[in-house]
Amino acid sequence: MTETDENLKRNNLFFRQLLFLAVLIVIGVVMLRELSFIIGSFLGAITLYIVFRPWQYKLTDRYRWRPWLASLLMVCIALLVLAGLLFGVFRVVSAEIINIDFKSLLSGLDSVVEKINRELPFNLIPATYLSDSSAYLTKAAGSIINTTYSFVINILFTIIILYFMLANSRTLERRLGRYNPFKGESRDLVTREITDIIYSNALGIPIIMLGQGLTAALVYWLFGIQHIAFWAFLTAIAGLIPVVGSIIVSVPLGISFIMQGHLWQGILLMLCGMLIIANVDNLIRIFLNKRMTDTHPLIVIFGVFMGIPLFGFWGIIFGPLLISVFLLLIKIYYHEFKLMTPQEIKEEQIDDMATKSGGRKRLRFGRKR
């Protein structure tokens, strides 16, 4: 009788737990659905929190600032950065896109494609691709600009969320640690890897884009190309694409120069695009290597393609971040439930060490290692 009662209690406890989890999931889904417009703001606040957190603690611990005052300063800095980015995209890029004649720019490429197709026994590039390319480029560039409209709305929510996260940072981290489902080594790995991933994506990608954009703007200015801001912006976006990267913008511009009768200018422009602009990201990575993780190029490109439709302009950062976190959770799952042998775990650690520079400084919540 006692054993039967114990079984009933365990079964009742199990079904009560399932019922409780079901209620939580239903409420969570409803909340997520109704607050889906704020997901980008929430992710933005988390990213900025990781970036500004060391400064917040330095002001409160070393200089004895009040938490609300330090948080206010961090929020003002973040607002200035976001507002400057917003101004650059809307007032410079969007103002020039309407004045660009893509048809005249691509008209010279038609003859090149015709010559290539005429020399080959088959059509290497279908003529319909170029006939619709001007409309496609206009639509694609316009969609990049249009996604930033949600960015305007999300800035307000991002700043509000960021302020309260920074002002209550210690309590927030203590509670997150208490309810963290991961324990032990898995908990340390999640904290460390997510921090590194956010730094890599939130700082590395924008810095690389800025470096390539400024370099492209300088090169285009030297060659007298009109609408420099737009083409530099497009080059910076294209630089996220592995292998080809910024070449898909600089080479067509060089070909258009050649078709207009400027042979040497076009050749030099293509050479500058392939040798200078395309390698700026590699140079920047050398300086950032000790502070940033090496995000695989495929994660970046697929993340950007996925992130922009989901999060708007924020998708450039959060798309790769989402894929990186997904892959990290798979790794944690195998470690947490012992699905890998000790030998496989050791080999994985060796592979991780081989892909990372020795002695890289890693940032942790609450302390540095």
# chains A, B, ... in the order shown; residues from 1 in each chain; ligands from 1
$ residues_around --residues "A:Thr60" --least-positions-apart "4" --cutoff "12 Å" --atoms "only C-alpha atoms" --output "PyMOL selection string"
chain A and resi 53-56+64-71+73-74+166-170
$ closest_residue --among "A:Ile237, A:Leu203, A:Ile248, A:Leu253" --to "A:Gly224" --atoms "only C-alpha atoms"
A:Leu253
$ closest_atom_pairs --of "stretch 153-208 of chain A" --to "stretch 326-330 of chain A" --cutoff "10 Å" --atoms "only C-alpha atoms" --output "JSON lines"
{"residue": "A:Ser186", "atom": "CA", "partner": "A:Leu329", "partner_atom": "CA", "distance": 9.9}
{"residue": "A:Leu189", "atom": "CA", "partner": "A:Leu328", "partner_atom": "CA", "distance": 9.2}
{"residue": "A:Val190", "atom": "CA", "partner": "A:Leu328", "partner_atom": "CA", "distance": 7.7}
{"residue": "A:Glu193", "atom": "CA", "partner": "A:Leu328", "partner_atom": "CA", "distance": 7.7}
{"residue": "A:Ile194", "atom": "CA", "partner": "A:Leu328", "partner_atom": "CA", "distance": 8.3}
{"residue": "A:Ile197", "atom": "CA", "partner": "A:Leu328", "partner_atom": "CA", "distance": 9.8}
$ write_last_selection --atoms "C-alpha atoms" --output "PDB file, in the first residue's frame"
ATOM      1  CA  SER A 186      28.399  23.707 -19.557  1.00  0.00           C
ATOM      2  CA  LEU A 189      31.105  27.348 -21.693  1.00  0.00           C
ATOM      3  CA  VAL A 190      27.757  28.948 -22.572  1.00  0.00           C
ATOM      4  CA  GLU A 193      31.119  31.423 -25.871  1.00  0.00           C
ATOM      5  CA  ILE A 194      28.022  33.638 -26.076  1.00  0.00           C
ATOM      6  CA  ILE A 197      30.146  35.458 -30.172  1.00  0.00           C
TER       7      ILE A 197
END
$ atom_distance --atom1 "atom CA of A:Arg192" --atom2 "atom CA of A:Ile50"
11.4 Å
$ closest_residue --among "A:Ile241, A:Ile208, A:Ala45, A:Ile316" --to "A:Phe287" --atoms "only C-alpha atoms"
A:Ile208
$ residues_around --residues "A:Ser250" --least-positions-apart "2" --cutoff "8 Å" --atoms "only C-alpha atoms" --output "PDB file with N, CA and C atoms, in the first residue's frame"
ATOM      1  N   THR A 235      29.186  48.266 -51.246  1.00  0.00           N
ATOM      2  CA  THR A 235      30.421  47.486 -51.161  1.00  0.00           C
ATOM      3  C   THR A 235      30.601  46.906 -49.767  1.00  0.00           C
ATOM      4  N   SER A 246      33.322  42.147 -51.865  1.00  0.00           N
ATOM      5  CA  SER A 246      33.179  43.468 -52.467  1.00  0.00           C
ATOM      6  C   SER A 246      33.480  43.473 -53.955  1.00  0.00           C
ATOM      7  N   ILE A 247      34.058  42.396 -54.477  1.00  0.00           N
ATOM      8  CA  ILE A 247      34.388  42.339 -55.906  1.00  0.00           C
ATOM      9  C   ILE A 247      33.135  42.432 -56.766  1.00  0.00           C
ATOM     10  N   ILE A 248      32.007  41.954 -56.260  1.00  0.00           N
ATOM     11  CA  ILE A 248      30.788  41.972 -57.067  1.00  0.00           C
ATOM     12  C   ILE A 248      30.277  43.391 -57.282  1.00  0.00           C
ATOM     13  N   PRO A 252      32.056  45.209 -61.599  1.00  0.00           N
ATOM     14  CA  PRO A 252      31.112  45.795 -62.564  1.00  0.00           C
ATOM     15  C   PRO A 252      31.319  47.295 -62.775  1.00  0.00           C
ATOM     16  N   LEU A 253      31.693  48.021 -61.720  1.00  0.00           N
ATOM     17  CA  LEU A 253      31.980  49.443 -61.901  1.00  0.00           C
ATOM     18  C   LEU A 253      33.183  49.640 -62.822  1.00  0.00           C
ATOM     19  N   GLY A 254      34.204  48.795 -62.665  1.00  0.00           N
ATOM     20  CA  GLY A 254      35.357  48.876 -63.551  1.00  0.00           C
ATOM     21  C   GLY A 254      35.004  48.537 -64.986  1.00  0.00           C
ATOM     22  N   LEU A 269      40.609  50.300 -61.550  1.00  0.00           N
ATOM     23  CA  LEU A 269      39.538  50.211 -60.567  1.00  0.00           C
ATOM     24  C   LEU A 269      39.279  48.754 -60.180  1.00  0.00           C
ATOM     25  N   MET A 270      39.273  47.855 -61.157  1.00  0.00           N
ATOM     26  CA  MET A 270      39.062  46.446 -60.844  1.00  0.00           C
ATOM     27  C   MET A 270      40.217  45.888 -60.025  1.00  0.00           C
ATOM     28  N   GLY A 273      39.844  47.081 -56.540  1.00  0.00           N
ATOM     29  CA  GLY A 273      38.772  46.355 -55.871  1.00  0.00           C
ATOM     30  C   GLY A 273      39.192  44.973 -55.420  1.00  0.00           C
ATOM     31  N   MET A 274      39.966  44.275 -56.265  1.00  0.00           N
ATOM     32  CA  MET A 274      40.378  42.910 -55.940  1.00  0.00           C
ATOM     33  C   MET A 274      41.552  42.852 -54.983  1.00  0.00           C
TER      34      MET A 274
END
$ closest_residue --among "A:Ile39, A:Leu24, A:Ile350, A:Ile332" --to "A:Phe182" --atoms "only C-alpha atoms"
A:Ile332
$ closest_residue --among "A:Val81, A:Val89, A:Ala238, A:Leu214" --to "A:Ile155" --atoms "only C-alpha atoms"
A:Val81
$ atom_distance --atom1 "atom CA of A:Ile198" --atom2 "atom CA of A:Gly307"
14.7 Å
$ atom_distance --atom1 "atom CA of A:Ile276" --atom2 "atom CA of A:Pro297"
19.1 Å
$ decode --residues "stretch 213-338 of chain A" --atoms "C-alpha atoms" --output "mmCIF file, in the first residue's frame"
data_model
loop_
_atom_site.group_PDB
_atom_site.id
_atom_site.type_symbol
_atom_site.label_atom_id
_atom_site.label_comp_id
_atom_site.auth_asym_id
_atom_site.auth_seq_id
_atom_site.Cartn_x
_atom_site.Cartn_y
_atom_site.Cartn_z
ATOM 1 C CA GLY A 213 33.114 51.103 -46.815
ATOM 2 C CA LEU A 214 35.595 53.878 -46.044
ATOM 3 C CA THR A 215 38.283 52.258 -48.204
ATOM 4 C CA ALA A 216 35.835 51.829 -51.058
ATOM 5 C CA ALA A 217 34.691 55.443 -50.713
ATOM 6 C CA LEU A 218 38.301 56.646 -50.956
ATOM 7 C CA VAL A 219 38.993 54.501 -54.032
ATOM 8 C CA TYR A 220 35.762 55.548 -55.753
ATOM 9 C CA TRP A 221 36.510 59.197 -54.986
ATOM 10 C CA LEU A 222 39.953 58.900 -56.566
ATOM 11 C CA PHE A 223 38.392 57.494 -59.738
ATOM 12 C CA GLY A 224 35.686 60.159 -59.848
ATOM 13 C CA ILE A 225 32.713 57.832 -59.420
ATOM 14 C CA GLN A 226 29.434 59.565 -58.689
ATOM 15 C CA HIS A 227 27.180 58.656 -55.756
ATOM 16 C CA ILE A 228 30.171 57.539 -53.690
ATOM 17 C CA ALA A 229 28.201 57.019 -50.460
ATOM 18 C CA PHE A 230 25.770 54.576 -52.049
ATOM 19 C CA TRP A 231 28.426 52.492 -53.794
ATOM 20 C CA ALA A 232 30.580 52.438 -50.659
ATOM 21 C CA PHE A 233 27.578 51.297 -48.600
ATOM 22 C CA LEU A 234 26.772 48.586 -51.163
ATOM 23 C CA THR A 235 30.421 47.486 -51.161
ATOM 24 C CA ALA A 236 30.412 47.209 -47.371
ATOM 25 C CA ILE A 237 27.271 45.037 -47.470
ATOM 26 C CA ALA A 238 28.675 42.873 -50.280
ATOM 27 C CA GLY A 239 31.887 42.440 -48.297
ATOM 28 C CA LEU A 240 30.004 40.053 -46.010
ATOM 29 C CA ILE A 241 29.676 37.550 -48.860
ATOM 30 C CA PRO A 242 32.454 34.924 -48.722
ATOM 31 C CA VAL A 243 34.999 34.559 -51.563
ATOM 32 C CA VAL A 244 33.622 37.209 -53.945
ATOM 33 C CA GLY A 245 32.686 39.865 -51.383
ATOM 34 C CA SER A 246 33.179 43.468 -52.467
ATOM 35 C CA ILE A 247 34.388 42.339 -55.906
ATOM 36 C CA ILE A 248 30.788 41.972 -57.067
ATOM 37 C CA VAL A 249 30.470 45.759 -56.803
ATOM 38 C CA SER A 250 33.927 47.058 -57.786
ATOM 39 C CA VAL A 251 34.403 44.816 -60.838
ATOM 40 C CA PRO A 252 31.112 45.795 -62.564
ATOM 41 C CA LEU A 253 31.980 49.443 -61.901
ATOM 42 C CA GLY A 254 35.357 48.876 -63.551
ATOM 43 C CA ILE A 255 33.718 47.159 -66.543
ATOM 44 C CA SER A 256 31.349 50.103 -66.923
ATOM 45 C CA PHE A 257 34.405 52.401 -67.084
ATOM 46 C CA ILE A 258 35.935 50.248 -69.832
ATOM 47 C CA MET A 259 32.721 50.213 -71.861
ATOM 48 C CA GLN A 260 32.619 54.009 -71.664
ATOM 49 C CA GLY A 261 36.075 54.187 -73.252
ATOM 50 C CA HIS A 262 38.155 54.598 -70.085
ATOM 51 C CA LEU A 263 40.238 51.429 -70.441
ATOM 52 C CA TRP A 264 43.045 52.028 -67.956
ATOM 53 C CA GLN A 265 40.776 53.608 -65.363
ATOM 54 C CA GLY A 266 38.497 50.580 -65.515
ATOM 55 C CA ILE A 267 41.385 48.116 -65.216
ATOM 56 C CA LEU A 268 42.904 50.015 -62.301
ATOM 57 C CA LEU A 269 39.538 50.211 -60.567
ATOM 58 C CA MET A 270 39.062 46.446 -60.844
ATOM 59 C CA LEU A 271 42.593 45.846 -59.578
ATOM 60 C CA CYS A 272 42.015 48.161 -56.616
ATOM 61 C CA GLY A 273 38.772 46.355 -55.871
ATOM 62 C CA MET A 274 40.378 42.910 -55.940
ATOM 63 C CA LEU A 275 43.679 43.769 -54.258
ATOM 64 C CA ILE A 276 42.839 46.591 -51.841
ATOM 65 C CA ILE A 277 39.142 46.770 -50.979
ATOM 66 C CA ALA A 278 38.641 43.006 -50.895
ATOM 67 C CA ASN A 279 41.563 42.522 -48.476
ATOM 68 C CA VAL A 280 40.664 45.246 -45.996
ATOM 69 C CA ASP A 281 38.653 42.741 -43.946
ATOM 70 C CA ASN A 282 41.672 40.443 -43.655
ATOM 71 C CA LEU A 283 43.789 43.345 -42.398
ATOM 72 C CA ILE A 284 41.166 44.331 -39.844
ATOM 73 C CA ARG A 285 40.836 40.741 -38.636
ATOM 74 C CA ILE A 286 44.567 40.721 -37.852
ATOM 75 C CA PHE A 287 44.109 43.621 -35.417
ATOM 76 C CA LEU A 288 40.876 42.209 -33.976
ATOM 77 C CA ASN A 289 42.067 38.611 -33.754
ATOM 78 C CA LYS A 290 42.954 38.757 -30.058
ATOM 79 C CA ARG A 291 39.556 40.117 -29.095
ATOM 80 C CA MET A 292 37.229 38.457 -31.598
ATOM 81 C CA THR A 293 36.315 34.868 -32.350
ATOM 82 C CA ASP A 294 36.697 33.551 -35.876
ATOM 83 C CA THR A 295 33.148 33.406 -37.221
ATOM 84 C CA HIS A 296 32.953 31.165 -40.260
ATOM 85 C CA PRO A 297 32.142 33.119 -43.470
ATOM 86 C CA LEU A 298 29.194 30.829 -44.270
ATOM 87 C CA ILE A 299 27.675 31.598 -40.862
ATOM 88 C CA VAL A 300 27.979 35.303 -41.658
ATOM 89 C CA ILE A 301 26.402 35.166 -45.112
ATOM 90 C CA PHE A 302 23.569 32.782 -44.211
ATOM 91 C CA GLY A 303 22.996 34.732 -41.019
ATOM 92 C CA VAL A 304 22.684 38.018 -42.911
ATOM 93 C CA PHE A 305 20.278 36.500 -45.452
ATOM 94 C CA MET A 306 18.163 35.123 -42.611
ATOM 95 C CA GLY A 307 18.529 38.028 -40.207
ATOM 96 C CA ILE A 308 17.501 40.993 -42.366
ATOM 97 C CA PRO A 309 13.968 39.656 -43.100
ATOM 98 C CA LEU A 310 13.569 38.708 -39.421
ATOM 99 C CA PHE A 311 15.094 41.687 -37.605
ATOM 100 C CA GLY A 312 15.489 44.388 -40.255
ATOM 101 C CA PHE A 313 18.771 46.294 -40.179
ATOM 102 C CA TRP A 314 19.680 44.530 -36.910
ATOM 103 C CA GLY A 315 19.764 41.263 -38.865
ATOM 104 C CA ILE A 316 23.297 42.046 -40.078
ATOM 105 C CA ILE A 317 24.421 41.348 -36.497
ATOM 106 C CA PHE A 318 21.707 39.107 -35.066
ATOM 107 C CA GLY A 319 21.426 36.709 -38.014
ATOM 108 C CA PRO A 320 24.996 35.371 -37.663
ATOM 109 C CA LEU A 321 24.615 35.542 -33.892
ATOM 110 C CA LEU A 322 21.481 33.369 -33.985
ATOM 111 C CA ILE A 323 23.168 30.695 -36.113
ATOM 112 C CA SER A 324 26.279 30.763 -33.913
ATOM 113 C CA VAL A 325 24.198 30.330 -30.752
ATOM 114 C CA PHE A 326 22.230 27.488 -32.383
ATOM 115 C CA LEU A 327 25.451 25.635 -33.200
ATOM 116 C CA LEU A 328 26.715 26.314 -29.680
ATOM 117 C CA LEU A 329 23.558 24.834 -28.139
ATOM 118 C CA ILE A 330 24.019 21.687 -30.224
ATOM 119 C CA LYS A 331 27.538 21.428 -28.825
ATOM 120 C CA ILE A 332 26.284 21.955 -25.278
ATOM 121 C CA TYR A 333 23.559 19.347 -25.786
ATOM 122 C CA TYR A 334 26.130 16.702 -26.720
ATOM 123 C CA HIS A 335 28.286 17.638 -23.734
ATOM 124 C CA GLU A 336 25.441 17.903 -21.235
ATOM 125 C CA PHE A 337 23.894 14.502 -22.003
ATOM 126 C CA LYS A 338 27.190 12.657 -22.500
#
